[in-house]
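**Q** This one is coords-v5.txt, compact mmCIF, C-alpha atoms and all ligand atoms.
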```txt
# COMPACT_ATOMS: atom_id res chain seq x y z
CA MET A 1 -11.04 25.90 10.89
CA ALA A 2 -12.98 23.80 8.43
CA GLU A 3 -16.40 25.26 8.00
CA VAL A 4 -18.14 24.18 4.80
CA LYS A 5 -20.27 26.66 2.87
CA ILE A 6 -22.59 25.53 0.10
CA SER A 7 -24.00 28.58 -1.69
CA GLY A 8 -26.55 28.58 -4.49
CA VAL A 9 -25.37 25.20 -5.70
CA ARG A 10 -27.11 23.74 -8.73
CA LYS A 11 -26.51 20.51 -10.58
CA ALA A 12 -27.76 19.44 -13.98
CA TYR A 13 -27.06 16.22 -15.81
CA GLY A 14 -27.74 17.38 -19.37
CA ALA A 15 -31.35 18.57 -19.38
CA LEU A 16 -32.07 16.96 -15.98
CA ASN A 17 -31.89 19.42 -13.09
CA VAL A 18 -31.23 17.46 -9.89
CA LEU A 19 -30.23 20.24 -7.45
CA HIS A 20 -32.07 23.57 -7.68
CA GLY A 21 -29.95 25.98 -5.63
CA ILE A 22 -28.77 24.59 -2.33
CA ASP A 23 -27.58 26.79 0.56
CA VAL A 24 -26.12 25.07 3.61
CA ASP A 25 -23.65 26.49 6.15
CA ILE A 26 -21.76 23.98 8.25
CA ALA A 27 -19.75 25.22 11.22
CA ASP A 28 -16.30 23.94 12.14
CA GLY A 29 -16.70 20.68 14.08
CA GLU A 30 -20.41 20.34 13.38
CA PHE A 31 -22.06 16.97 12.60
CA VAL A 32 -24.58 17.68 9.85
CA VAL A 33 -26.91 15.05 8.41
CA LEU A 34 -28.40 15.37 4.92
CA VAL A 35 -31.62 13.38 4.95
CA GLY A 36 -34.37 12.83 2.40
CA PRO A 37 -36.00 10.18 0.25
CA SER A 38 -34.05 8.22 -2.33
CA GLY A 39 -33.30 10.26 -5.45
CA CYS A 40 -33.59 13.70 -3.80
CA GLY A 41 -29.94 14.56 -4.56
CA LYS A 42 -28.10 13.83 -1.30
CA SER A 43 -25.28 11.79 -2.85
CA THR A 44 -24.88 14.24 -5.70
CA LEU A 45 -24.43 17.10 -3.23
CA LEU A 46 -21.95 15.12 -1.11
CA ARG A 47 -19.98 14.10 -4.20
CA MET A 48 -19.78 17.75 -5.21
CA VAL A 49 -18.26 18.61 -1.82
CA ALA A 50 -15.80 15.76 -2.37
CA GLY A 51 -14.95 16.98 -5.87
CA LEU A 52 -16.24 13.81 -7.53
CA GLU A 53 -18.94 15.74 -9.43
CA GLY A 54 -18.64 19.08 -11.18
CA ILE A 55 -20.66 22.04 -9.91
CA THR A 56 -23.10 23.39 -12.53
CA SER A 57 -23.35 26.73 -10.71
CA GLY A 58 -22.85 28.15 -7.23
CA THR A 59 -19.93 27.85 -4.84
CA ILE A 60 -18.64 25.33 -2.33
CA SER A 61 -15.97 26.47 0.08
CA ILE A 62 -14.06 24.53 2.70
CA GLY A 63 -12.23 26.41 5.43
CA GLY A 64 -13.03 29.71 3.71
CA LYS A 65 -11.51 28.67 0.39
CA ALA A 66 -13.61 28.06 -2.75
CA VAL A 67 -12.93 24.51 -3.91
CA ASN A 68 -15.02 24.44 -7.10
CA ASN A 69 -11.98 23.86 -9.26
CA LEU A 70 -9.91 21.74 -6.89
CA PRO A 71 -9.54 18.01 -7.63
CA PRO A 72 -10.55 15.63 -4.78
CA LYS A 73 -6.94 15.00 -3.73
CA ASP A 74 -6.39 18.70 -3.06
CA ARG A 75 -9.47 19.04 -0.84
CA ASP A 76 -8.87 18.29 2.80
CA ILE A 77 -11.67 15.72 2.98
CA ALA A 78 -12.03 11.98 3.41
CA MET A 79 -15.10 10.08 2.27
CA VAL A 80 -16.26 6.92 4.02
CA PHE A 81 -17.70 4.35 1.70
CA GLN A 82 -19.62 1.21 2.54
CA SER A 83 -17.61 -1.72 3.84
CA TYR A 84 -17.63 -3.64 0.58
CA ALA A 85 -15.34 -0.98 -0.88
CA LEU A 86 -12.35 -2.43 1.03
CA TYR A 87 -9.57 -3.96 -1.04
CA PRO A 88 -10.13 -7.73 -0.61
CA HIS A 89 -6.51 -8.73 -1.27
CA LYS A 90 -4.98 -6.23 1.15
CA THR A 91 -4.76 -6.67 4.90
CA VAL A 92 -6.55 -4.34 7.31
CA ALA A 93 -3.32 -2.40 7.84
CA GLU A 94 -2.67 -2.12 4.08
CA ASN A 95 -6.24 -1.01 3.49
CA MET A 96 -5.92 1.68 6.12
CA VAL A 97 -2.63 3.18 4.93
CA PHE A 98 -3.15 2.88 1.18
CA ALA A 99 -3.98 6.59 0.72
CA LEU A 100 -0.97 7.62 2.83
CA ARG A 101 1.32 5.52 0.62
CA LEU A 102 -0.11 7.23 -2.46
CA GLN A 103 0.67 10.55 -0.78
CA LYS A 104 4.25 9.29 -0.28
CA GLN A 105 4.13 9.97 3.46
CA PRO A 106 7.29 8.88 5.33
CA ALA A 107 7.21 5.36 6.80
CA ASP A 108 7.30 6.53 10.43
CA VAL A 109 4.36 8.90 9.86
CA ILE A 110 2.40 6.04 8.28
CA ARG A 111 3.23 3.74 11.19
CA GLN A 112 2.21 6.31 13.82
CA ARG A 113 -1.06 7.23 12.15
CA LEU A 114 -1.96 3.58 11.59
CA GLN A 115 -1.29 2.77 15.23
CA ALA A 116 -3.33 5.73 16.48
CA ALA A 117 -6.29 4.97 14.20
CA ALA A 118 -6.21 1.25 15.05
CA GLU A 119 -6.31 2.08 18.76
CA THR A 120 -9.16 4.57 18.31
CA LEU A 121 -11.20 2.00 16.40
CA ASP A 122 -10.26 -1.13 18.42
CA LEU A 123 -8.62 -2.68 15.38
CA VAL A 124 -5.15 -3.41 16.79
CA PRO A 125 -5.67 -7.22 16.96
CA TYR A 126 -6.98 -7.33 13.38
CA LEU A 127 -4.32 -5.42 11.43
CA ASP A 128 -2.91 -8.51 9.68
CA ARG A 129 -6.27 -9.99 8.75
CA TYR A 130 -8.04 -9.74 5.40
CA PRO A 131 -11.49 -8.14 5.01
CA ARG A 132 -13.19 -11.54 4.47
CA GLN A 133 -11.94 -12.60 7.93
CA LEU A 134 -13.75 -9.71 9.65
CA SER A 135 -17.30 -9.17 10.88
CA GLY A 136 -19.49 -6.52 9.27
CA GLY A 137 -18.86 -4.08 12.11
CA GLN A 138 -15.10 -4.60 11.95
CA ARG A 139 -15.13 -3.99 8.19
CA GLN A 140 -17.05 -0.79 8.74
CA ARG A 141 -14.43 0.31 11.26
CA VAL A 142 -11.67 -0.39 8.73
CA ALA A 143 -13.53 1.78 6.22
CA MET A 144 -13.55 4.55 8.84
CA GLY A 145 -9.91 3.88 9.62
CA ARG A 146 -8.97 4.62 6.04
CA ALA A 147 -10.49 8.07 6.48
CA ILE A 148 -9.12 8.76 9.96
CA VAL A 149 -5.46 8.05 9.11
CA ARG A 150 -5.56 11.00 6.75
CA SER A 151 -6.60 13.42 9.54
CA PRO A 152 -8.84 15.32 7.15
CA GLN A 153 -10.58 18.61 7.94
CA VAL A 154 -13.92 17.15 6.82
CA PHE A 155 -15.44 13.65 6.91
CA LEU A 156 -18.06 12.75 4.31
CA PHE A 157 -20.27 9.70 4.89
CA ASP A 158 -22.71 8.39 2.28
CA GLU A 159 -25.17 5.92 3.84
CA PRO A 160 -22.27 4.06 5.49
CA LEU A 161 -24.49 1.74 7.50
CA SER A 162 -27.06 0.71 4.91
CA ASN A 163 -25.46 -2.72 4.35
CA LEU A 164 -25.47 -3.65 8.03
CA ASP A 165 -28.18 -5.45 9.98
CA ALA A 166 -30.41 -3.42 12.30
CA LYS A 167 -28.61 -4.25 15.53
CA LEU A 168 -25.16 -3.47 14.18
CA ARG A 169 -26.48 -0.29 12.60
CA VAL A 170 -27.55 1.02 16.00
CA GLN A 171 -24.15 0.15 17.50
CA MET A 172 -22.22 1.76 14.65
CA ARG A 173 -24.26 4.98 14.93
CA LYS A 174 -23.06 5.20 18.50
CA GLU A 175 -19.45 4.48 17.54
CA ILE A 176 -19.47 7.12 14.81
CA LYS A 177 -20.89 9.68 17.24
CA GLU A 178 -18.27 8.80 19.86
CA LEU A 179 -15.57 9.14 17.26
CA HIS A 180 -16.90 12.57 16.35
CA GLN A 181 -16.97 13.63 19.98
CA ARG A 182 -13.31 12.63 20.28
CA LEU A 183 -11.96 14.03 17.01
CA LYS A 184 -14.39 16.96 16.50
CA THR A 185 -13.92 16.75 12.75
CA THR A 186 -16.52 18.58 10.67
CA THR A 187 -18.82 15.86 9.31
CA ILE A 188 -21.43 15.64 6.57
CA TYR A 189 -23.41 12.44 6.86
CA VAL A 190 -25.96 11.30 4.25
CA THR A 191 -28.82 8.96 5.04
CA HIS A 192 -32.40 8.30 3.94
CA ASP A 193 -33.20 7.10 7.48
CA GLN A 194 -34.83 9.81 9.59
CA VAL A 195 -34.19 7.94 12.85
CA GLU A 196 -30.47 7.89 12.02
CA ALA A 197 -30.66 11.62 11.28
CA MET A 198 -32.52 12.44 14.50
CA THR A 199 -30.17 10.43 16.71
CA MET A 200 -26.86 11.51 15.17
CA ALA A 201 -27.14 15.09 13.95
CA ASP A 202 -26.22 18.41 15.53
CA LYS A 203 -28.06 19.86 12.54
CA ILE A 204 -30.32 18.21 9.97
CA VAL A 205 -30.80 19.30 6.37
CA VAL A 206 -34.09 17.86 5.06
CA MET A 207 -34.09 17.53 1.27
CA GLN A 208 -36.75 16.67 -1.25
CA GLY A 209 -36.61 16.71 -5.05
CA GLY A 210 -33.36 18.67 -5.28
CA ASN A 211 -34.40 21.33 -2.76
CA VAL A 212 -33.73 21.98 0.91
CA GLU A 213 -37.04 21.87 2.79
CA GLN A 214 -35.70 22.82 6.22
CA ILE A 215 -32.50 23.10 8.23
CA GLY A 216 -32.50 22.80 12.01
CA SER A 217 -31.58 20.82 15.08
CA PRO A 218 -33.44 17.53 15.60
CA LEU A 219 -35.56 19.21 18.27
CA GLU A 220 -36.40 22.21 16.07
CA LEU A 221 -37.52 19.98 13.23
CA TYR A 222 -39.57 17.87 15.57
CA ASP A 223 -41.21 20.82 17.34
CA ARG A 224 -41.57 23.21 14.42
CA PRO A 225 -41.58 21.49 11.03
CA ASN A 226 -41.82 24.04 8.18
CA ASN A 227 -44.32 22.06 6.17
CA THR A 228 -46.23 18.82 5.85
CA PHE A 229 -43.40 17.09 4.02
CA VAL A 230 -40.95 17.67 6.89
CA ALA A 231 -43.55 16.76 9.51
CA THR A 232 -44.49 13.53 7.75
CA PHE A 233 -40.92 12.55 6.90
CA ILE A 234 -39.50 13.21 10.38
CA GLY A 235 -42.53 11.73 12.13
CA SER A 236 -42.82 8.47 10.20
CA PRO A 237 -41.37 5.22 11.53
CA SER A 238 -38.19 4.00 9.77
P1 LIG B 1 -29.92 10.33 -3.41
O1 LIG B 1 -28.50 10.12 -3.01
O2 LIG B 1 -30.64 11.33 -2.59
O3 LIG B 1 -30.68 9.04 -3.49
P2 LIG B 1 -28.77 11.07 -5.98
O4 LIG B 1 -27.95 12.26 -5.66
O5 LIG B 1 -28.07 9.78 -6.14
O6 LIG B 1 -29.95 10.94 -4.91
O7 LIG B 1 -29.58 11.33 -7.30
C1 LIG B 1 -30.35 12.51 -7.52
C2 LIG B 1 -30.93 12.48 -8.93
O8 LIG B 1 -29.89 12.61 -9.87
C3 LIG B 1 -31.66 11.19 -9.27
O9 LIG B 1 -32.77 11.50 -10.05
C4 LIG B 1 -30.64 10.43 -10.06
O10 LIG B 1 -31.26 9.55 -10.97
C5 LIG B 1 -29.91 11.54 -10.79
N1 LIG B 1 -28.50 11.21 -11.10
C6 LIG B 1 -27.55 10.90 -10.20
N2 LIG B 1 -26.36 10.68 -10.81
C7 LIG B 1 -26.59 10.86 -12.13
C8 LIG B 1 -25.76 10.78 -13.31
N3 LIG B 1 -24.44 10.49 -13.23
N4 LIG B 1 -26.34 11.02 -14.49
C9 LIG B 1 -27.66 11.33 -14.59
N5 LIG B 1 -28.49 11.43 -13.53
C10 LIG B 1 -27.96 11.20 -12.32
MG MG B 2 -27.52 8.36 -2.40
```
Using the file provided, produce a representation of the structure as structure tokens.
Ligand code: ADP
Ligand code: MG
**A**
Amino acid sequence: MAEVKISGVRKAYGALNVLHGIDVDIADGEFVVLVGPSGCGKSTLLRMVAGLEGITSGTISIGGKAVNNLPPKDRDIAMVFQSYALYPHKTVAENMVFALRLQKQPADVIRQRLQAAAETLDLVPYLDRYPRQLSGGQRQRVAMGRAIVRSPQVFLFDEPLSNLDAKLRVQMRKEIKELHQRLKTTTIYVTHDQVEAMTMADKIVVMQGGNVEQIGSPLELYDRPNNTFVATFIGSPS
């Protein structure tokens, strides 16, 4: 089980308070979207779950275990970055298994996991290519492949589609959702795009200025927004 519990989490950079006490419970297998305007603290919160930022106060637990003091490599998570974060001088296959090599996984395990991930993501014909030889959508799938091969308990996505054109973005939303339906991995997905949030989430966390404004299913937020901010944000065109 990999539920994620964020309890009373605050973050300050020196005198600047950017998160003011965040409480979010994420069930095992749930697809939760953190949404809110630029600068509201979404990435900071996600990076704290990943262990890339220290926690000023409060607790984050994964699978019932507090992870506040665990380095990223000891948390059972994988973060999906934007496609430009691929290694340009490594092939698709090398990009996908790089983390497994660092973990010193046996060669047959690496081969099996690469094959399975490549099949899941329709990347089998592209394994020997370099990132520059791929389309934007294929690169995005490689970025996801790097996360999938690790079979993590939790996937973290930070605006993974923001570099893609509108048409591809819509297609990749669908692919990410299908992937989630297949793997059922607990997922925290950050976006500033409310349409993306409404179409992808089991549960949406609406943030503004370092606070959570409302948590609910897309339908709940649409039908019963807590306040004008949520109503305006959810109701406005992207
Ligand atoms: P979002 O992802 O929602 O756009 P961020 O989490 O990136 O927002 O940023 C939240 C706030 O924290 C912003 O005001 C940002 O300027 C500030 N911030 C983020 N990282 C740092 C940092 N390393 N040092 C100081 N301030 C930061
Ligand atoms: Mg951000």
**Q** Just want the 7 Å neighbourhood of segment 75-90 of chain A, counted on all atoms listed in the file, with same-chain residues fewer than 3 positions away dropped. Output as a CSV table (one decimal) with C-alpha atoms, keeping the file's coordinate frame.
**A**
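Contents of part-v1.csv, freshly written:
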```
chain,number,residue,atom,x,y,z
A,50,ALA,CA,-15.8,15.8,-2.4
A,70,LEU,CA,-9.9,21.7,-6.9
A,71,PRO,CA,-9.5,18.0,-7.6
A,72,PRO,CA,-10.6,15.6,-4.8
A,94,GLU,CA,-2.7,-2.1,4.1
A,95,ASN,CA,-6.2,-1.0,3.5
A,130,TYR,CA,-8.0,-9.7,5.4
A,131,PRO,CA,-11.5,-8.1,5.0
A,139,ARG,CA,-15.1,-4.0,8.2
A,140,GLN,CA,-17.0,-0.8,8.7
A,143,ALA,CA,-13.5,1.8,6.2
A,144,MET,CA,-13.6,4.6,8.8
A,147,ALA,CA,-10.5,8.1,6.5
A,152,PRO,CA,-8.8,15.3,7.2
A,153,GLN,CA,-10.6,18.6,7.9
A,154,VAL,CA,-13.9,17.2,6.8
A,155,PHE,CA,-15.4,13.6,6.9
A,156,LEU,CA,-18.1,12.8,4.3
A,157,PHE,CA,-20.3,9.7,4.9
A,158,ASP,CA,-22.7,8.4,2.3
A,160,PRO,CA,-22.3,4.1,5.5
A,161,LEU,CA,-24.5,1.7,7.5
```
**Q** Rank nothing, just name the residue among A:Lys42, A:His20, A:Arg101, A:Arg113 nearest to ligand LIG 1 (chain B), using all atoms listed in the file.
**A**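 Between A:Lys42, A:His20, A:Arg101, A:Arg113, the residue approaching ligand LIG 1 (chain B) most closely is A:Lys42.
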**Q** If you take only C-alpha atoms and all ligand atoms and a cut-off of 6 Å, which residues of chain A touch ligand LIG 1 (chain B), and what are their nearest atom pairs and distances in Å to one decimal, in chain and number order, as CSV?
**A**
```
residue,atom,partner,partner_atom,distance
A:Tyr13,CA,B:LIG1,C9,5.1
A:Val18,CA,B:LIG1,O8,5.0
A:Ser38,CA,B:LIG1,O3,3.7
A:Gly39,CA,B:LIG1,O6,3.5
A:Cys40,CA,B:LIG1,O2,4.0
A:Gly41,CA,B:LIG1,O4,3.2
A:Lys42,CA,B:LIG1,O2,3.8
A:Ser43,CA,B:LIG1,O1,3.6
A:Thr44,CA,B:LIG1,O4,3.7
```
**Q** Rank A:Ser7, A:Ser162, A:Asn211, A:Thr228 by their smallest atom-to-atom distance to ligand MG 2 (chain B), using only C-alpha atoms and all ligand atoms, and report the top residue only.
**A**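 Of A:Ser7, A:Ser162, A:Asn211, A:Thr228, the one nearest ligand MG 2 (chain B) is A:Ser162, counting only C-alpha atoms and all ligand atoms.
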**Q** Name the residues in contact with Ala93 of chain A at a cut-off of 8 Å, using all atoms listed in the file, excluding same-chain residues fewer than 5 positions from it; report them as an mmCIF file with C-alpha atoms, in the frame of the given file.
**A**
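Written output follows (around.cif):
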```
data_model
loop_
_atom_site.group_PDB
_atom_site.id
_atom_site.type_symbol
_atom_site.label_atom_id
_atom_site.label_comp_id
_atom_site.auth_asym_id
_atom_site.auth_seq_id
_atom_site.Cartn_x
_atom_site.Cartn_y
_atom_site.Cartn_z
ATOM 1 C CA LEU A 114 -1.960 3.580 11.590
ATOM 2 C CA LEU A 127 -4.320 -5.420 11.430
ATOM 3 C CA ASP A 128 -2.910 -8.510 9.680
#
```
